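Here is the file my_file-v9.txt (compact mmCIF, C-alpha atoms).
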```txt
# COMPACT_ATOMS: atom_id res chain seq x y z
CA MET A 1 119.53 40.10 78.96
CA HIS A 2 122.01 42.70 77.70
CA LYS A 3 124.24 45.26 79.37
CA LEU A 4 124.52 48.79 78.04
CA PRO A 5 125.77 52.08 79.47
CA LYS A 6 123.21 54.57 80.73
CA VAL A 7 123.78 58.24 81.45
CA VAL A 8 124.60 59.20 85.02
CA ARG A 9 124.52 62.81 86.20
CA LEU A 10 126.05 63.29 89.65
CA ASP A 11 125.85 67.09 89.40
CA GLU A 12 124.85 69.75 86.88
CA SER A 13 128.31 70.16 85.27
CA ASP A 14 127.30 68.34 82.04
CA THR A 15 124.67 71.04 81.44
CA GLN A 16 127.46 73.64 81.53
CA VAL A 17 130.25 71.95 79.56
CA TYR A 18 128.42 70.32 76.63
CA GLU A 19 126.40 71.85 73.81
CA LEU A 20 123.54 69.61 74.95
CA ALA A 21 123.61 67.43 78.07
CA ALA A 22 122.25 63.89 77.81
CA ASN A 23 119.36 62.94 80.05
CA PRO A 24 120.03 60.82 83.13
CA GLY A 25 119.00 57.20 82.58
CA GLU A 26 119.06 57.21 78.79
CA VAL A 27 121.13 54.57 76.98
CA ALA A 28 124.48 55.94 75.81
CA VAL A 29 127.20 54.95 73.37
CA PRO A 30 130.72 56.36 72.98
CA GLY A 31 129.51 58.24 69.88
CA GLY A 32 132.87 59.16 68.39
CA PHE A 33 131.33 58.79 64.93
CA GLU A 34 129.77 62.23 65.38
CA PHE A 35 133.24 63.77 65.07
CA LEU A 36 134.45 61.93 61.95
CA GLU A 37 134.18 65.08 59.82
CA ASP A 38 135.92 67.28 62.44
CA SER A 39 139.55 68.04 63.11
CA ILE A 40 140.87 68.78 66.58
CA ASP A 41 142.35 72.15 65.59
CA LYS A 42 138.98 73.38 64.32
CA MET A 43 137.00 72.39 67.42
CA SER A 44 136.68 74.61 70.47
CA GLY A 45 134.54 75.22 73.53
CA LYS A 46 131.63 72.89 74.20
CA ARG A 47 132.07 70.93 70.95
CA LEU A 48 135.69 70.20 71.89
CA GLN A 49 134.64 69.14 75.40
CA GLY A 50 132.06 66.78 73.91
CA PHE A 51 134.77 65.26 71.75
CA LEU A 52 137.27 64.89 74.58
CA THR A 53 135.07 63.36 77.29
CA GLY A 54 131.46 62.91 76.19
CA PHE A 55 129.41 59.76 75.81
CA LEU A 56 126.45 60.21 73.45
CA GLY A 57 122.89 59.77 74.76
CA ILE A 58 121.00 57.97 72.00
CA GLU A 59 117.66 59.71 72.56
CA SER A 60 118.71 63.31 73.18
CA PHE A 61 121.96 63.13 71.18
CA GLY A 62 123.41 65.06 74.12
CA ARG A 63 126.67 64.29 75.90
CA SER A 64 127.48 62.88 79.33
CA THR A 65 130.74 62.61 81.22
CA LEU A 66 129.73 59.44 83.07
CA VAL A 67 127.70 56.34 82.32
CA ALA A 68 126.78 53.32 84.43
CA ILE A 69 126.66 49.74 83.23
CA THR A 70 123.04 48.62 83.36
CA ASN A 71 121.17 45.41 82.59
CA ILE A 72 118.45 45.89 79.98
CA ASP A 73 115.98 43.53 78.34
CA SER A 74 115.82 42.64 74.64
CA GLU A 75 113.00 45.09 73.94
CA GLU A 76 114.93 48.05 75.39
CA TYR A 77 118.01 46.87 73.48
CA GLN A 78 116.13 46.84 70.16
CA ASN A 79 114.57 50.22 70.95
CA ALA A 80 118.08 51.60 71.53
CA VAL A 81 119.25 50.35 68.13
CA ASN A 82 116.19 51.84 66.42
CA GLN A 83 116.43 55.21 68.21
CA LEU A 84 120.13 55.53 67.45
CA SER A 85 119.52 54.70 63.78
CA VAL A 86 116.91 57.48 63.55
CA ASN A 87 119.38 59.99 65.02
CA ILE A 88 122.19 58.77 62.76
CA LEU A 89 119.90 59.29 59.75
CA SER A 90 119.26 62.87 60.82
CA LEU A 91 122.99 63.52 61.37
CA PHE A 92 124.17 61.90 58.12
CA ASP A 93 121.41 62.60 55.61
CA THR A 94 123.40 60.82 52.89
CA LEU A 95 122.75 57.43 54.53
CA ASP A 96 119.77 55.23 53.77
CA ARG A 97 117.72 53.51 56.49
CA SER A 98 119.52 50.16 56.09
CA SER A 99 122.97 51.76 56.42
CA ALA A 100 121.85 53.78 59.44
CA LEU A 101 120.52 50.62 61.13
CA LYS A 102 123.83 48.83 60.51
CA ALA A 103 125.81 51.79 61.85
CA ALA A 104 123.55 51.96 64.92
CA LEU A 105 123.89 48.26 65.60
CA ASP A 106 127.68 48.47 65.25
CA GLU A 107 127.81 51.34 67.77
CA ILE A 108 125.47 49.55 70.19
CA LEU A 109 127.62 46.39 69.95
CA TYR A 110 130.69 48.51 70.65
CA ALA A 111 128.99 50.04 73.71
CA GLU A 112 127.93 46.59 74.86
CA SER A 113 131.53 45.36 74.59
CA LEU A 114 132.52 47.99 77.17
CA CYS A 115 130.10 46.49 79.71
CA GLU A 116 132.12 43.50 80.85
CA TYR A 117 132.03 44.72 84.46
CA ASP A 118 129.30 44.42 87.06
CA GLU A 119 126.08 46.39 86.83
CA GLY A 120 126.54 49.81 88.46
CA THR A 121 130.17 50.20 87.39
CA ILE A 122 130.72 53.78 86.21
CA LEU A 123 132.67 54.47 83.00
CA ALA A 124 134.44 57.65 81.91
CA LEU A 125 135.82 58.36 78.46
CA GLU A 126 138.92 60.10 77.09
CA ARG A 127 139.10 60.72 73.35
CA GLU A 128 141.78 62.18 71.07
CA PHE A 129 142.78 62.39 67.42
CA ILE A 130 145.96 60.49 66.54
CA ASP A 131 147.05 60.80 62.91
CA LYS A 132 143.48 61.60 61.78
CA ASP A 133 142.10 58.57 63.65
CA ILE A 134 139.98 58.84 66.78
CA LYS A 135 141.43 57.01 69.80
CA GLU A 136 139.19 56.26 72.79
CA ARG A 137 140.21 55.16 76.28
CA PHE A 138 137.89 54.22 79.11
CA LYS A 139 138.26 54.34 82.87
CA LYS A 140 136.08 52.41 85.23
CA PHE A 141 134.96 53.36 88.71
CA ILE A 142 133.76 50.39 90.72
CA PRO A 143 131.06 50.98 93.35
CA ALA A 144 132.35 50.54 96.90
CA THR A 145 128.75 50.28 98.13
CA SER A 146 125.54 49.05 96.59
CA ALA A 147 123.99 52.54 96.38
CA ASP A 148 121.34 52.97 93.73
CA TRP A 149 122.61 55.64 91.29
CA GLU A 150 119.22 56.00 89.57
CA LYS A 151 117.62 57.22 92.80
CA SER A 152 120.40 59.80 93.37
CA LYS A 153 121.67 58.25 96.58
CA PRO A 154 125.28 59.14 97.50
CA LEU A 155 127.93 57.00 95.86
CA ILE A 156 131.42 56.07 96.94
CA TYR A 157 133.68 54.72 94.25
CA SER A 158 137.13 53.27 94.16
CA PHE A 159 139.22 53.91 91.06
CA ASP A 160 140.58 50.99 89.06
CA LYS A 161 142.86 51.49 86.05
```
What would the structure in this file look like if it were written as structure tokens?
Amino acid sequence: MHKLPKVVRLDESDTQVYELAANPGEVAVPGGFEFLEDSIDKMSGKRLQGFLTGFLGIESFGRSTLVAITNIDSEEYQNAVNQLSVNILSLFDTLDRSSALKAALDEILYAESLCEYDEGTILALEREFIDKDIKERFKKFIPATSADWEKSKPLIYSFDK
């Protein structure tokens, strides 16, 4: 059993602030690699918002403000690696399949490393450029009840730094 973040949409704001909103329930990764060729002073609008706060949905390649830690089986885990590698290949057409698979696995392992908390914990992301490097920080919101986020039941969260 593995843990990976999955997209959570509590309202429709992601559809307004990102170029493309990720789909609720899809596996997500931080996805900062998408911005490696960018510079902060050349980004604006929805692209900038995606850089600053967006997790990357691996199927849609859309962005999400929030993700929830979710248990997944080995088959879904492998499917996530494969799907991400396909999208990385389309983004960076200079890579070969083997390099894209390695990059996808590295990003999935990074996402998995963020999932040390209980299933259902919500994560938010803050990203910035510091001296041409991308710096990411994560905040966690721990469920105060056992509400089921996938069925859109109301949630109450306490904030933990």
Can you tell me, as a PDB file with C-alpha atoms, in the frame of the given file, what residues are no more than 10 Å from Ser39 in chain A when counting all atoms listed in the file, ignoring any on the same chain fewer than 3 positions away?
```pdb
ATOM      1  CA  PHE A  35     133.240  63.770  65.070  1.00  0.00           C
ATOM      2  CA  LEU A  36     134.450  61.930  61.950  1.00  0.00           C
ATOM      3  CA  LYS A  42     138.980  73.380  64.320  1.00  0.00           C
ATOM      4  CA  MET A  43     137.000  72.390  67.420  1.00  0.00           C
ATOM      5  CA  LEU A  48     135.690  70.200  71.890  1.00  0.00           C
ATOM      6  CA  PHE A 129     142.780  62.390  67.420  1.00  0.00           C
ATOM      7  CA  LYS A 132     143.480  61.600  61.780  1.00  0.00           C
ATOM      8  CA  ASP A 133     142.100  58.570  63.650  1.00  0.00           C
ATOM      9  CA  ILE A 134     139.980  58.840  66.780  1.00  0.00           C
TER      10      ILE A 134
END
```
In Å, how far is it from CA of Leu123 in chain A to CA of Ser64 in chain A?
10.5 Å
So how far away is CA of Gly54 in chain A from CA of Glu19 in chain A, in Å?
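Taking CA of Glu19 in chain A and CA of Gly54 in chain A, their separation equals 10.5 Å.
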List the neighbours of Lys135 in chain A out to 9 Å using all atoms listed in the file; skip same-chain residues closer than 3 positions along the sequence, and give me the result as a PyMOL selection string.
chain A and resi 32+126-130
Tell me, in Å to one decimal, how far CA of Val8 in chain A is from CA of Ser74 in chain A.
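Between CA of Val8 in chain A and CA of Ser74 in chain A the gap works out to 21.4 Å.
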The residues within 12 Å of (118.7, 59.4, 61.6), using all atoms listed in the file and the coordinates of the file, should be reported as a PyMOL selection string; which are they?
chain A and resi 58-59+61+81-104
Neighbouring residues of Glu107 in chain A were defined as those with any atom within 8 Å, considering only C-alpha atoms; residues of the same chain fewer than 6 positions away were excluded. Please report them as a ChimeraX atom specification.
/A:29-31
Would you kindly return, as a list in words, each protein, DNA or RNA residue with an atom no farther than 12 Å from any atom of Ser13 in chain A, considering all atoms listed in the file and excluding same-chain residues fewer than 6 positions away?
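These residues fall inside the cut-off: Glu19, Leu20, Ala21, Ala22, Lys46, Gln49, Arg63, Ser64, Thr65 and Leu66 of chain A.
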Give as a list in words the set of residues within 10 Å of the point (119.6, 40.6, 77.7), where distances use the file's coordinates and only C-alpha atoms.
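So the residues meeting the distance criterion are Met1, His2, Lys3, Leu4, Asn71, Ile72, Asp73, Ser74, Glu75, Glu76 and Tyr77 of chain A.
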Could you put an axis-aligned box around every listed atom of range 27-44 of chain A, padded by 5 Å on each side, and send me its centre and edge lengths in Å to one decimal, as AutoDock Vina command-line options?
```
--center_x 131.7 --center_y 64.6 --center_z 68.4 --size_x 31.2 --size_y 30.0 --size_z 27.2
```
Can you pull out every residue within 6 Å of Leu125 in chain A, counting all atoms listed in the file, but drop anything in the same chain fewer than 2 positions away, and send it as a list in words?
Thr53, Arg137 and Phe138 of chain A
Which is closest to Leu114 in chain A among A:Phe33, A:Ala28, A:Phe51, A:Asn23, if we use all atoms listed in the file?
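Residue with the minimum atom-to-atom distance to Leu114 in chain A: A:Ala28.
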Counting only C-alpha atoms, the option among A:Ile108, A:Asp14, A:Thr70, A:Ala80 closest to Gly120 in chain A:
A:Thr70
When you count all atoms listed in the file, which of these residues is closest to Leu10 in chain A: A:Tyr110, A:Gly45, A:Phe55, A:Ala68?
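Nearest to Leu10 in chain A: A:Ala68.
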